[in-house]
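> Below you'll find input.pdb; it's PDB, C-alpha atoms.
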```
MODEL        1
ATOM      1  CA  MET A  12       9.471   9.497 -23.842
ATOM      2  CA  SER A  13       6.912   8.118 -21.424
ATOM      3  CA  TRP A  14       6.897   5.362 -18.836
ATOM      4  CA  THR A  15       4.808   2.189 -18.876
ATOM      5  CA  SER A  16       4.512   0.139 -15.721
ATOM      6  CA  PRO A  17       5.144  -3.564 -16.405
ATOM      7  CA  PHE A  18       2.288  -4.274 -13.999
ATOM      8  CA  SER A  19      -0.128  -2.770 -16.521
ATOM      9  CA  LEU A  20       0.982  -5.044 -19.345
ATOM     10  CA  PRO A  21      -0.617  -8.294 -20.541
ATOM     11  CA  GLY A  22       1.159 -11.538 -19.800
ATOM     12  CA  LYS A  23       2.534 -13.288 -16.724
ATOM     13  CA  TRP A  24       5.388 -12.932 -14.268
ATOM     14  CA  PHE A  25       8.213 -15.399 -14.813
ATOM     15  CA  LYS A  26      10.973 -16.043 -12.268
ATOM     16  CA  GLY A  27      14.540 -16.617 -13.368
ATOM     17  CA  ASN A  28      18.244 -16.465 -12.626
ATOM     18  CA  LEU A  29      20.413 -14.732 -15.222
ATOM     19  CA  HIS A  30      23.908 -15.640 -13.974
ATOM     20  CA  THR A  31      24.702 -19.336 -13.513
ATOM     21  CA  HIS A  32      27.872 -21.441 -13.755
ATOM     22  CA  THR A  33      28.224 -25.157 -14.457
ATOM     23  CA  THR A  34      30.922 -27.726 -15.146
ATOM     24  CA  ALA A  35      31.260 -26.093 -18.578
ATOM     25  CA  SER A  36      33.554 -23.635 -16.731
ATOM     26  CA  ASP A  37      34.072 -23.382 -12.954
ATOM     27  CA  GLY A  38      30.763 -24.613 -11.539
ATOM     28  CA  LEU A  39      30.296 -27.886  -9.679
ATOM     29  CA  LEU A  40      27.022 -29.052 -11.284
ATOM     30  CA  SER A  41      26.487 -30.058 -14.887
ATOM     31  CA  PRO A  42      24.222 -27.894 -17.073
ATOM     32  CA  GLU A  43      21.494 -30.545 -16.767
ATOM     33  CA  GLU A  44      21.802 -30.608 -12.970
ATOM     34  CA  ALA A  45      21.736 -26.813 -12.745
ATOM     35  CA  ILE A  46      18.610 -26.590 -14.879
ATOM     36  CA  ALA A  47      16.912 -29.271 -12.783
ATOM     37  CA  TRP A  48      17.812 -27.479  -9.536
ATOM     38  CA  TYR A  49      16.073 -24.270 -10.598
ATOM     39  CA  ARG A  50      13.108 -25.950 -12.232
ATOM     40  CA  GLU A  51      12.420 -28.027  -9.113
ATOM     41  CA  ARG A  52      12.292 -24.840  -7.018
ATOM     42  CA  GLY A  53       9.653 -23.037  -9.026
ATOM     43  CA  TYR A  54      11.788 -21.033 -11.412
ATOM     44  CA  ASP A  55      10.606 -20.576 -14.986
ATOM     45  CA  PHE A  56      13.922 -19.905 -16.712
ATOM     46  CA  VAL A  57      17.674 -19.738 -16.235
ATOM     47  CA  ALA A  58      20.606 -18.363 -18.208
ATOM     48  CA  LEU A  59      23.688 -20.574 -18.139
ATOM     49  CA  THR A  60      26.582 -18.101 -18.268
ATOM     50  CA  ASP A  61      29.839 -19.987 -18.079
ATOM     51  CA  HIS A  62      33.107 -18.106 -18.592
ATOM     52  CA  TRP A  63      33.723 -17.625 -22.319
ATOM     53  CA  VAL A  64      31.411 -20.560 -23.066
ATOM     54  CA  LEU A  65      28.166 -19.847 -24.913
ATOM     55  CA  SER A  66      25.264 -21.990 -23.734
ATOM     56  CA  GLU A  67      22.491 -23.151 -26.039
ATOM     57  CA  LYS A  68      18.817 -22.231 -25.954
ATOM     58  CA  THR A  69      16.707 -25.146 -24.760
ATOM     59  CA  SER A  70      13.175 -25.863 -23.638
ATOM     60  CA  VAL A  71      12.440 -28.271 -20.811
ATOM     61  CA  ALA A  72       8.912 -29.572 -21.398
ATOM     62  CA  THR A  73       6.589 -26.558 -21.632
ATOM     63  CA  ASP A  74       7.227 -25.006 -18.242
ATOM     64  CA  PHE A  75      10.912 -24.081 -18.300
ATOM     65  CA  VAL A  76      13.321 -22.489 -20.786
ATOM     66  CA  THR A  77      16.946 -21.491 -20.853
ATOM     67  CA  ILE A  78      18.438 -18.310 -22.279
ATOM     68  CA  ARG A  79      21.675 -18.422 -24.258
ATOM     69  CA  GLY A  80      24.382 -16.722 -22.257
ATOM     70  CA  THR A  81      27.995 -16.353 -21.248
ATOM     71  CA  GLU A  82      30.158 -14.376 -18.845
ATOM     72  CA  LEU A  83      32.942 -12.403 -20.496
ATOM     73  CA  ASP A  84      35.740 -10.537 -18.796
ATOM     74  CA  GLY A  85      38.533  -8.085 -19.442
ATOM     75  CA  PRO A  86      40.830  -5.820 -17.425
ATOM     76  CA  GLY A  87      38.856  -4.683 -14.378
ATOM     77  CA  TYR A  88      35.400  -5.855 -15.410
ATOM     78  CA  HIS A  89      33.098  -8.837 -15.992
ATOM     79  CA  LEU A  90      30.166  -8.754 -18.386
ATOM     80  CA  VAL A  91      27.119 -11.021 -18.732
ATOM     81  CA  ALA A  92      25.922 -11.377 -22.330
ATOM     82  CA  LEU A  93      22.554 -12.899 -23.229
ATOM     83  CA  GLY A  94      20.876 -13.872 -26.473
ATOM     84  CA  ILE A  95      23.938 -13.891 -28.723
ATOM     85  CA  ASP A  96      24.758 -16.388 -31.494
ATOM     86  CA  SER A  97      28.538 -16.534 -31.147
ATOM     87  CA  LEU A  98      31.264 -15.592 -28.699
ATOM     88  CA  PRO A  99      33.009 -12.282 -29.364
ATOM     89  CA  ALA A 100      36.685 -12.414 -30.250
ATOM     90  CA  ARG A 101      38.893 -12.557 -27.158
ATOM     91  CA  GLU A 102      40.944  -9.548 -28.201
ATOM     92  CA  LEU A 103      37.846  -7.339 -27.937
ATOM     93  CA  ALA A 104      37.901  -7.866 -24.164
ATOM     94  CA  GLU A 105      40.716  -5.322 -23.827
ATOM     95  CA  SER A 106      37.963  -2.718 -24.229
ATOM     96  CA  PRO A 107      34.578  -3.143 -22.501
ATOM     97  CA  GLN A 108      33.081  -0.809 -25.110
ATOM     98  CA  ALA A 109      34.284  -2.997 -27.967
ATOM     99  CA  LEU A 110      32.920  -6.105 -26.280
ATOM    100  CA  VAL A 111      29.519  -4.532 -25.597
ATOM    101  CA  LYS A 112      29.369  -3.244 -29.181
ATOM    102  CA  ASP A 113      29.832  -6.790 -30.486
ATOM    103  CA  VAL A 114      27.135  -8.185 -28.165
ATOM    104  CA  VAL A 115      24.645  -5.493 -29.145
ATOM    105  CA  ALA A 116      25.452  -5.920 -32.859
ATOM    106  CA  GLN A 117      24.396  -9.568 -32.489
ATOM    107  CA  GLY A 118      21.079  -8.469 -31.012
ATOM    108  CA  GLY A 119      22.128  -9.497 -27.520
ATOM    109  CA  LEU A 120      21.898  -7.883 -24.105
ATOM    110  CA  ALA A 121      24.864  -7.008 -21.893
ATOM    111  CA  PHE A 122      25.112  -5.970 -18.249
ATOM    112  CA  PHE A 123      28.049  -5.546 -15.900
ATOM    113  CA  ALA A 124      28.514  -8.272 -13.308
ATOM    114  CA  HIS A 125      29.331  -7.658  -9.623
ATOM    115  CA  PRO A 126      31.063  -4.271 -10.014
ATOM    116  CA  TYR A 127      31.683  -3.888  -6.268
ATOM    117  CA  TRP A 128      33.398  -7.297  -6.114
ATOM    118  CA  THR A 129      35.465  -6.562  -9.217
ATOM    119  CA  GLY A 130      36.553  -3.120  -7.972
ATOM    120  CA  GLN A 131      34.870  -1.443 -10.925
ATOM    121  CA  THR A 132      33.638   2.056 -10.062
ATOM    122  CA  SER A 133      30.697   4.001 -11.433
ATOM    123  CA  ALA A 134      33.267   6.226 -13.176
ATOM    124  CA  ASP A 135      34.609   3.137 -14.950
ATOM    125  CA  ILE A 136      31.112   2.164 -16.090
ATOM    126  CA  ALA A 137      29.882   5.624 -17.108
ATOM    127  CA  PRO A 138      31.657   5.894 -20.497
ATOM    128  CA  VAL A 139      30.439   2.497 -21.730
ATOM    129  CA  GLN A 140      27.454   2.841 -24.032
ATOM    130  CA  GLY A 141      25.006   0.088 -24.908
ATOM    131  CA  ILE A 142      24.910  -1.792 -21.609
ATOM    132  CA  LEU A 143      21.497  -2.668 -20.236
ATOM    133  CA  GLY A 144      22.439  -2.274 -16.581
ATOM    134  CA  LEU A 145      24.403  -3.827 -13.738
ATOM    135  CA  GLU A 146      24.017  -6.371 -10.993
ATOM    136  CA  VAL A 147      22.643  -4.493  -8.010
ATOM    137  CA  PHE A 148      22.886  -7.776  -6.089
ATOM    138  CA  ASN A 149      25.178 -10.759  -6.642
ATOM    139  CA  SER A 150      24.657 -13.642  -4.239
ATOM    140  CA  VAL A 151      28.022 -15.387  -4.397
ATOM    141  CA  CYS A 152      29.947 -12.115  -3.994
ATOM    142  CA  GLU A 153      27.875 -11.296  -0.919
ATOM    143  CA  GLN A 154      28.325 -14.800   0.505
ATOM    144  CA  MET A 155      32.092 -14.828  -0.020
ATOM    145  CA  ILE A 156      33.295 -11.340   0.939
ATOM    146  CA  GLY A 157      30.256  -9.107   1.584
ATOM    147  CA  ARG A 158      30.610  -7.228  -1.703
ATOM    148  CA  GLY A 159      27.376  -8.335  -3.334
ATOM    149  CA  TYR A 160      25.482  -5.031  -3.459
ATOM    150  CA  ALA A 161      26.062  -2.241  -5.984
ATOM    151  CA  ARG A 162      23.399   0.285  -4.966
ATOM    152  CA  VAL A 163      25.817   3.219  -4.894
ATOM    153  CA  HIS A 164      27.202   2.394  -8.332
ATOM    154  CA  TRP A 165      23.654   2.296  -9.701
ATOM    155  CA  ASP A 166      22.537   5.536  -8.069
ATOM    156  CA  ASP A 167      25.689   7.371  -9.184
ATOM    157  CA  LEU A 168      24.997   6.410 -12.780
ATOM    158  CA  LEU A 169      21.251   7.090 -12.645
ATOM    159  CA  ALA A 170      21.902  10.572 -11.261
ATOM    160  CA  GLN A 171      24.017  11.226 -14.359
ATOM    161  CA  GLY A 172      21.049  10.333 -16.528
ATOM    162  CA  ARG A 173      22.295   6.867 -17.502
ATOM    163  CA  ARG A 174      19.248   4.680 -18.161
ATOM    164  CA  LEU A 175      20.367   1.454 -16.539
ATOM    165  CA  TYR A 176      18.434  -1.435 -15.026
ATOM    166  CA  GLY A 177      19.270  -3.346 -11.861
ATOM    167  CA  PHE A 178      19.625  -7.140 -11.802
ATOM    168  CA  ALA A 179      19.707  -9.542  -8.841
ATOM    169  CA  VAL A 180      21.497 -12.813  -9.580
ATOM    170  CA  ASP A 181      22.945 -15.886  -7.898
ATOM    171  CA  ASP A 182      26.172 -16.117  -9.949
ATOM    172  CA  VAL A 183      26.040 -19.607  -8.512
ATOM    173  CA  HIS A 184      29.046 -21.938  -8.728
ATOM    174  CA  TRP A 185      27.325 -24.494  -6.460
ATOM    175  CA  LYS A 186      29.398 -23.594  -3.432
ATOM    176  CA  HIS A 187      29.358 -20.822  -0.816
ATOM    177  CA  GLY A 188      25.567 -21.256  -0.364
ATOM    178  CA  ALA A 189      24.757 -18.780  -3.135
ATOM    179  CA  ALA A 190      21.992 -20.662  -4.967
ATOM    180  CA  GLY A 191      18.443 -19.341  -4.957
ATOM    181  CA  LYS A 192      19.116 -15.986  -3.311
ATOM    182  CA  GLY A 193      18.977 -13.471  -6.177
ATOM    183  CA  PHE A 194      16.486 -13.480  -9.045
ATOM    184  CA  VAL A 195      14.461 -11.402 -11.477
ATOM    185  CA  MET A 196      10.721 -11.423 -12.087
ATOM    186  CA  VAL A 197      10.013 -10.719 -15.762
ATOM    187  CA  ARG A 198       6.668  -9.671 -17.238
ATOM    188  CA  ALA A 199       6.242 -11.366 -20.615
ATOM    189  CA  GLU A 200       3.401 -12.629 -22.748
ATOM    190  CA  GLU A 201       4.891 -16.088 -23.150
ATOM    191  CA  LEU A 202       7.643 -18.252 -21.754
ATOM    192  CA  THR A 203      10.135 -18.164 -24.614
ATOM    193  CA  GLU A 204      13.681 -16.870 -24.872
ATOM    194  CA  GLU A 205      12.561 -14.259 -27.389
ATOM    195  CA  ALA A 206       9.758 -12.913 -25.178
ATOM    196  CA  LEU A 207      11.937 -12.858 -22.062
ATOM    197  CA  LEU A 208      14.776 -11.032 -23.814
ATOM    198  CA  GLN A 209      12.365  -8.478 -25.246
ATOM    199  CA  ALA A 210      10.908  -7.832 -21.788
ATOM    200  CA  LEU A 211      14.368  -7.510 -20.224
ATOM    201  CA  ARG A 212      15.406  -5.072 -22.939
ATOM    202  CA  LYS A 213      12.422  -2.861 -22.108
ATOM    203  CA  GLY A 214      12.938  -3.032 -18.345
ATOM    204  CA  HIS A 215       9.749  -4.998 -17.755
ATOM    205  CA  PHE A 216      11.072  -6.754 -14.670
ATOM    206  CA  TYR A 217      12.077  -6.247 -11.084
ATOM    207  CA  ALA A 218      14.903  -7.779  -9.067
ATOM    208  CA  SER A 219      14.654  -9.427  -5.662
ATOM    209  CA  THR A 220      16.237 -11.525  -2.946
ATOM    210  CA  GLY A 221      12.819 -12.423  -1.519
ATOM    211  CA  PRO A 222      10.099  -9.728  -1.344
ATOM    212  CA  ALA A 223       7.503  -9.371  -4.096
ATOM    213  CA  ILE A 224       6.512  -6.142  -5.796
ATOM    214  CA  LEU A 225       2.811  -6.483  -6.563
ATOM    215  CA  ASP A 226       2.123  -3.142  -8.256
ATOM    216  CA  LEU A 227       4.024  -0.054  -9.346
ATOM    217  CA  ARG A 228       2.173   2.840 -10.921
ATOM    218  CA  LEU A 229       1.707   6.585 -11.075
ATOM    219  CA  ILE A 230      -1.089   8.163  -9.051
ATOM    220  CA  HIS A 231      -2.295  11.663  -8.244
ATOM    221  CA  GLN A 232      -2.154  12.429  -4.539
ATOM    222  CA  ASP A 233      -4.817  14.388  -2.678
ATOM    223  CA  ASP A 234      -2.877  17.609  -3.259
ATOM    224  CA  GLY A 235      -2.800  16.930  -6.992
ATOM    225  CA  GLN A 236       0.874  16.035  -7.151
ATOM    226  CA  LEU A 237       1.947  13.133  -9.325
ATOM    227  CA  ALA A 238       3.437  10.315  -7.252
ATOM    228  CA  LEU A 239       4.921   6.859  -7.677
ATOM    229  CA  PHE A 240       2.927   4.206  -5.799
ATOM    230  CA  VAL A 241       4.228   0.780  -4.853
ATOM    231  CA  HIS A 242       2.373  -2.227  -3.435
ATOM    232  CA  CYS A 243       4.515  -5.061  -2.084
ATOM    233  CA  SER A 244       4.578  -8.099   0.171
ATOM    234  CA  PRO A 245       4.851  -7.138   3.874
ATOM    235  CA  CYS A 246       8.049  -5.175   4.425
ATOM    236  CA  GLN A 247       9.857  -3.385   7.231
ATOM    237  CA  GLU A 248      10.917  -0.490   5.021
ATOM    238  CA  ILE A 249      10.002   1.021   1.657
ATOM    239  CA  VAL A 250      12.633   3.416   0.334
ATOM    240  CA  PHE A 251      12.334   5.751  -2.653
ATOM    241  CA  PHE A 252      15.724   6.657  -4.118
ATOM    242  CA  ALA A 253      16.297   9.774  -6.216
ATOM    243  CA  SER A 254      19.257  11.930  -7.138
ATOM    244  CA  GLY A 255      21.075  13.128  -4.021
ATOM    245  CA  PRO A 256      18.902  13.622  -0.921
ATOM    246  CA  LEU A 257      15.586  13.885  -2.780
ATOM    247  CA  GLY A 258      14.165  10.465  -1.897
ATOM    248  CA  ARG A 259      12.340   9.212   1.185
ATOM    249  CA  ARG A 260      12.342   6.244   3.560
ATOM    250  CA  PHE A 261       9.153   4.815   5.094
ATOM    251  CA  VAL A 262       9.539   2.553   8.158
ATOM    252  CA  ALA A 263       6.952   0.184   9.629
ATOM    253  CA  GLU A 264       5.750   1.019  13.116
ATOM    254  CA  GLU A 265       2.897  -1.089  14.545
ATOM    255  CA  ARG A 266       2.500  -3.283  11.456
ATOM    256  CA  LEU A 267       4.550  -4.099   8.377
ATOM    257  CA  LEU A 268       4.182  -1.925   5.303
ATOM    258  CA  THR A 269       2.524  -3.151   2.123
ATOM    259  CA  SER A 270       2.357   0.121   0.189
ATOM    260  CA  ALA A 271       3.749   3.640  -0.014
ATOM    261  CA  SER A 272       3.824   6.548  -2.437
ATOM    262  CA  PHE A 273       6.156   9.469  -3.015
ATOM    263  CA  HIS A 274       5.817  12.538  -5.210
ATOM    264  CA  LEU A 275       7.821  13.292  -8.337
ATOM    265  CA  LEU A 276       9.861  16.467  -8.790
ATOM    266  CA  PRO A 277      11.923  17.489 -11.837
ATOM    267  CA  GLU A 278      15.099  17.851  -9.784
ATOM    268  CA  GLN A 279      14.948  14.197  -8.649
ATOM    269  CA  VAL A 280      16.117  13.055 -12.110
ATOM    270  CA  TYR A 281      14.935   9.502 -11.404
ATOM    271  CA  LEU A 282      12.950   7.541  -8.844
ATOM    272  CA  ARG A 283      13.362   3.869  -7.941
ATOM    273  CA  VAL A 284      11.978   1.800  -5.052
ATOM    274  CA  GLU A 285      13.459  -0.717  -2.633
ATOM    275  CA  CYS A 286      11.120  -2.866  -0.537
ATOM    276  CA  ARG A 287      12.975  -4.425   2.431
ATOM    277  CA  ASP A 288      11.447  -7.235   4.471
ATOM    278  CA  PRO A 289      12.178  -8.053   8.160
ATOM    279  CA  PHE A 290      14.530 -10.893   7.160
ATOM    280  CA  GLY A 291      16.985  -8.833   5.124
ATOM    281  CA  GLY A 292      15.393  -9.501   1.734
ATOM    282  CA  VAL A 293      15.126  -6.673  -0.772
ATOM    283  CA  ALA A 294      13.134  -6.087  -3.946
ATOM    284  CA  TRP A 295      14.297  -3.430  -6.399
ATOM    285  CA  SER A 296      12.111  -1.715  -8.960
ATOM    286  CA  ASN A 297      13.724  -0.391 -12.080
ATOM    287  CA  PRO A 298      13.984   3.403 -12.211
ATOM    288  CA  ILE A 299      11.590   5.787 -13.837
ATOM    289  CA  PHE A 300      13.006   9.035 -15.187
ATOM    290  CA  VAL A 301      11.021  11.954 -13.950
ATOM    291  CA  GLN A 302      11.278  14.000 -17.145
ATOM    292  CA  ASP A 303       9.586  11.165 -19.052
ATOM    293  CA  VAL A 304       6.428  11.279 -16.965
ATOM    294  CA  LEU A 305       6.226  14.987 -16.132
ATOM    295  CA  LYS A 306       6.420  15.896 -19.830
ATOM    296  CA  ALA A 307       4.108  13.110 -21.019
TER     297      ALA A 307
ENDMDL
END
```
Is it possible to give me this structure as structure tokens?


Amino acid sequence: MSWTSPFSLPGKWFKGNLHTHTTASDGLLSPEEAIAWYRERGYDFVALTDHWVLSEKTSVATDFVTIRGTELDGPGYHLVALGIDSLPARELAESPQALVKDVVAQGGLAFFAHPYWTGQTSADIAPVQGILGLEVFNSVCEQMIGRGYARVHWDDLLAQGRRLYGFAVDDVHWKHGAAGKGFVMVRAEELTEEALLQALRKGHFYASTGPAILDLRLIHQDDGQLALFVHCSPCQEIVFFASGPLGRRFVAEERLLTSASFHLLPEQVYLRVECRDPFGGVAWSNPIFVQDVLKA
């Protein structure tokens, strides 16, 4: 396998929220009001993911689309499913693997929601095949009880070789001040559900609570070593995460950081980047797996 940076691809960056509740389940705004809220604030798309309610695909003029979605749950876990045609049978929820299998068989995408909030561990997630990733940030869980981040879950799984992406979402119910705080930026050639789902499936996105990642690519350093380079909006810290202690943290001194690079080593297993601004915002790149690029 090899790695392709989404920043090298044709198309545009589209901003969206992939976890949204409305009056169709336990949210306080109607679907129409929720869509309007995001559209008026510069978003390009939203997935309405009410509990065991499958939303419909819609287009709002030519500048905003929705993605079909739902939030499913079973013992000890919640799961966001996107791009499916029908709800899975309720009895499948006794097994997260059975539920994911049904979603994938429909051509949909599935990722685990707020594992830290749910009490779901990385060991619980590890056996489940077919998931696209997990929510590395969930706004409402952070606002309510401070359990919105799942960095450790993600790193545990990546170190095991699980190829999982990280999502930032609002999970908004229109209370607790959660709206507009977690989003994804997706690189796609057009603003359609099909193009967005295809890009998400390939990992052509990054997650954020504010900062922007402007470039992410491989470079050769002066010593000839292959390195991962990131360019971002001004940040206080840029942190490269790898398996165990094999990453590195860069901290701004006299001026904020807008770029950094860090070498790749086989024993790192993976490398991902967090760009942290002075206001507490974070942007997360998706991981690259070192064996993919060192063998390419």

> If we count all atoms listed in the file and set the cut-off at 10 Å, which residues sit around stretch 109-113 of chain A, ignoring sequence neighbours fewer than 2 positions away in its own chain? Please answer as a PyMOL selection string.

chain A and resi 83-85+90-92+95+97-107+115-123+139-143

> Report as an mmCIF file with C-alpha atoms, in the frame of the given file the residues that result from applying the PyMOL selection byres ((chain A and resi 273-281) around 12) to the structure here.


```cif
data_model
loop_
_atom_site.group_PDB
_atom_site.id
_atom_site.type_symbol
_atom_site.label_atom_id
_atom_site.label_comp_id
_atom_site.auth_asym_id
_atom_site.auth_seq_id
_atom_site.Cartn_x
_atom_site.Cartn_y
_atom_site.Cartn_z
ATOM 1 C CA TRP A 14 6.897 5.362 -18.836
ATOM 2 C CA TRP A 165 23.654 2.296 -9.701
ATOM 3 C CA ASP A 166 22.537 5.536 -8.069
ATOM 4 C CA ASP A 167 25.689 7.371 -9.184
ATOM 5 C CA LEU A 168 24.997 6.410 -12.780
ATOM 6 C CA LEU A 169 21.251 7.090 -12.645
ATOM 7 C CA ALA A 170 21.902 10.572 -11.261
ATOM 8 C CA GLN A 171 24.017 11.226 -14.359
ATOM 9 C CA GLY A 172 21.049 10.333 -16.528
ATOM 10 C CA ARG A 173 22.295 6.867 -17.502
ATOM 11 C CA ARG A 174 19.248 4.680 -18.161
ATOM 12 C CA LEU A 175 20.367 1.454 -16.539
ATOM 13 C CA LEU A 227 4.024 -0.054 -9.346
ATOM 14 C CA ARG A 228 2.173 2.840 -10.921
ATOM 15 C CA LEU A 229 1.707 6.585 -11.075
ATOM 16 C CA ILE A 230 -1.089 8.163 -9.051
ATOM 17 C CA HIS A 231 -2.295 11.663 -8.244
ATOM 18 C CA GLN A 232 -2.154 12.429 -4.539
ATOM 19 C CA ASP A 233 -4.817 14.388 -2.678
ATOM 20 C CA ASP A 234 -2.877 17.609 -3.259
ATOM 21 C CA GLY A 235 -2.800 16.930 -6.992
ATOM 22 C CA GLN A 236 0.874 16.035 -7.151
ATOM 23 C CA LEU A 237 1.947 13.133 -9.325
ATOM 24 C CA ALA A 238 3.437 10.315 -7.252
ATOM 25 C CA LEU A 239 4.921 6.859 -7.677
ATOM 26 C CA PHE A 240 2.927 4.206 -5.799
ATOM 27 C CA VAL A 241 4.228 0.780 -4.853
ATOM 28 C CA ILE A 249 10.002 1.021 1.657
ATOM 29 C CA VAL A 250 12.633 3.416 0.334
ATOM 30 C CA PHE A 251 12.334 5.751 -2.653
ATOM 31 C CA PHE A 252 15.724 6.657 -4.118
ATOM 32 C CA ALA A 253 16.297 9.774 -6.216
ATOM 33 C CA SER A 254 19.257 11.930 -7.138
ATOM 34 C CA GLY A 255 21.075 13.128 -4.021
ATOM 35 C CA PRO A 256 18.902 13.622 -0.921
ATOM 36 C CA LEU A 257 15.586 13.885 -2.780
ATOM 37 C CA GLY A 258 14.165 10.465 -1.897
ATOM 38 C CA ARG A 259 12.340 9.212 1.185
ATOM 39 C CA ARG A 260 12.342 6.244 3.560
ATOM 40 C CA PHE A 261 9.153 4.815 5.094
ATOM 41 C CA SER A 270 2.357 0.121 0.189
ATOM 42 C CA ALA A 271 3.749 3.640 -0.014
ATOM 43 C CA SER A 272 3.824 6.548 -2.437
ATOM 44 C CA LEU A 282 12.950 7.541 -8.844
ATOM 45 C CA ARG A 283 13.362 3.869 -7.941
ATOM 46 C CA VAL A 284 11.978 1.800 -5.052
ATOM 47 C CA SER A 296 12.111 -1.715 -8.960
ATOM 48 C CA ASN A 297 13.724 -0.391 -12.080
ATOM 49 C CA PRO A 298 13.984 3.403 -12.211
ATOM 50 C CA ILE A 299 11.590 5.787 -13.837
ATOM 51 C CA PHE A 300 13.006 9.035 -15.187
ATOM 52 C CA VAL A 301 11.021 11.954 -13.950
ATOM 53 C CA GLN A 302 11.278 14.000 -17.145
ATOM 54 C CA ASP A 303 9.586 11.165 -19.052
ATOM 55 C CA VAL A 304 6.428 11.279 -16.965
ATOM 56 C CA LEU A 305 6.226 14.987 -16.132
ATOM 57 C CA LYS A 306 6.420 15.896 -19.830
#
```

> Considering only C-alpha atoms, tabulate each residue of stretch 31-119 of chain A that lies at most 7 Å from stretch 198-207 of chain A along with its nearest interatomic pair and the corresponding distance in Å to one decimal; arrange the rows by chain and ascending residue number and present them as a Markdown table.


```
| residue | atom | partner | partner_atom | distance |
| --- | --- | --- | --- | --- |
| A:Val76 | CA | A:Thr203 | CA | 6.6 |
| A:Thr77 | CA | A:Glu204 | CA | 6.9 |
| A:Ile78 | CA | A:Glu204 | CA | 5.6 |
```

> Against stretch 47-54 of chain A, which residues of stretch 132-211 of chain A fall within 12 Å? For each one I want the closest pair of atoms and the distance in Å (one decimal), counting only C-alpha atoms, rows by chain and increasing residue number, as a tab-separated table.


```
residue	atom	partner	partner_atom	distance
A:Asp181	CA	A:Tyr49	CA	11.2
A:Val183	CA	A:Tyr49	CA	11.2
A:Trp185	CA	A:Trp48	CA	10.4
A:Ala190	CA	A:Tyr49	CA	8.9
A:Gly191	CA	A:Tyr49	CA	7.9
A:Lys192	CA	A:Tyr49	CA	11.4
A:Gly193	CA	A:Tyr54	CA	11.7
A:Phe194	CA	A:Tyr54	CA	9.2
A:Val195	CA	A:Tyr54	CA	10.0
A:Met196	CA	A:Tyr54	CA	9.7
A:Val197	CA	A:Tyr54	CA	11.3
A:Leu202	CA	A:Tyr54	CA	11.5
```

> If you measure from atom CA of A:Asp37 to atom CA of A:Asp182, what distance in Å do you get, rounded to one decimal?

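Atom-to-atom, atom CA of A:Asp37 to atom CA of A:Asp182, that is 11.1 Å.
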
> As an exercise, work out the distance from atom CA of A:Glu67 to atom CA of A:His89 in Å and give it to one decimal place.

20.5 Å

> Choose the residue, out of A:Lys26, A:Glu248, A:Val163, A:Val114, that has the smallest atom-to-atom separation from A:Phe75; count all atoms listed in the file.

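Of A:Lys26, A:Glu248, A:Val163, A:Val114, the one nearest A:Phe75 is A:Lys26, counting all atoms listed in the file.
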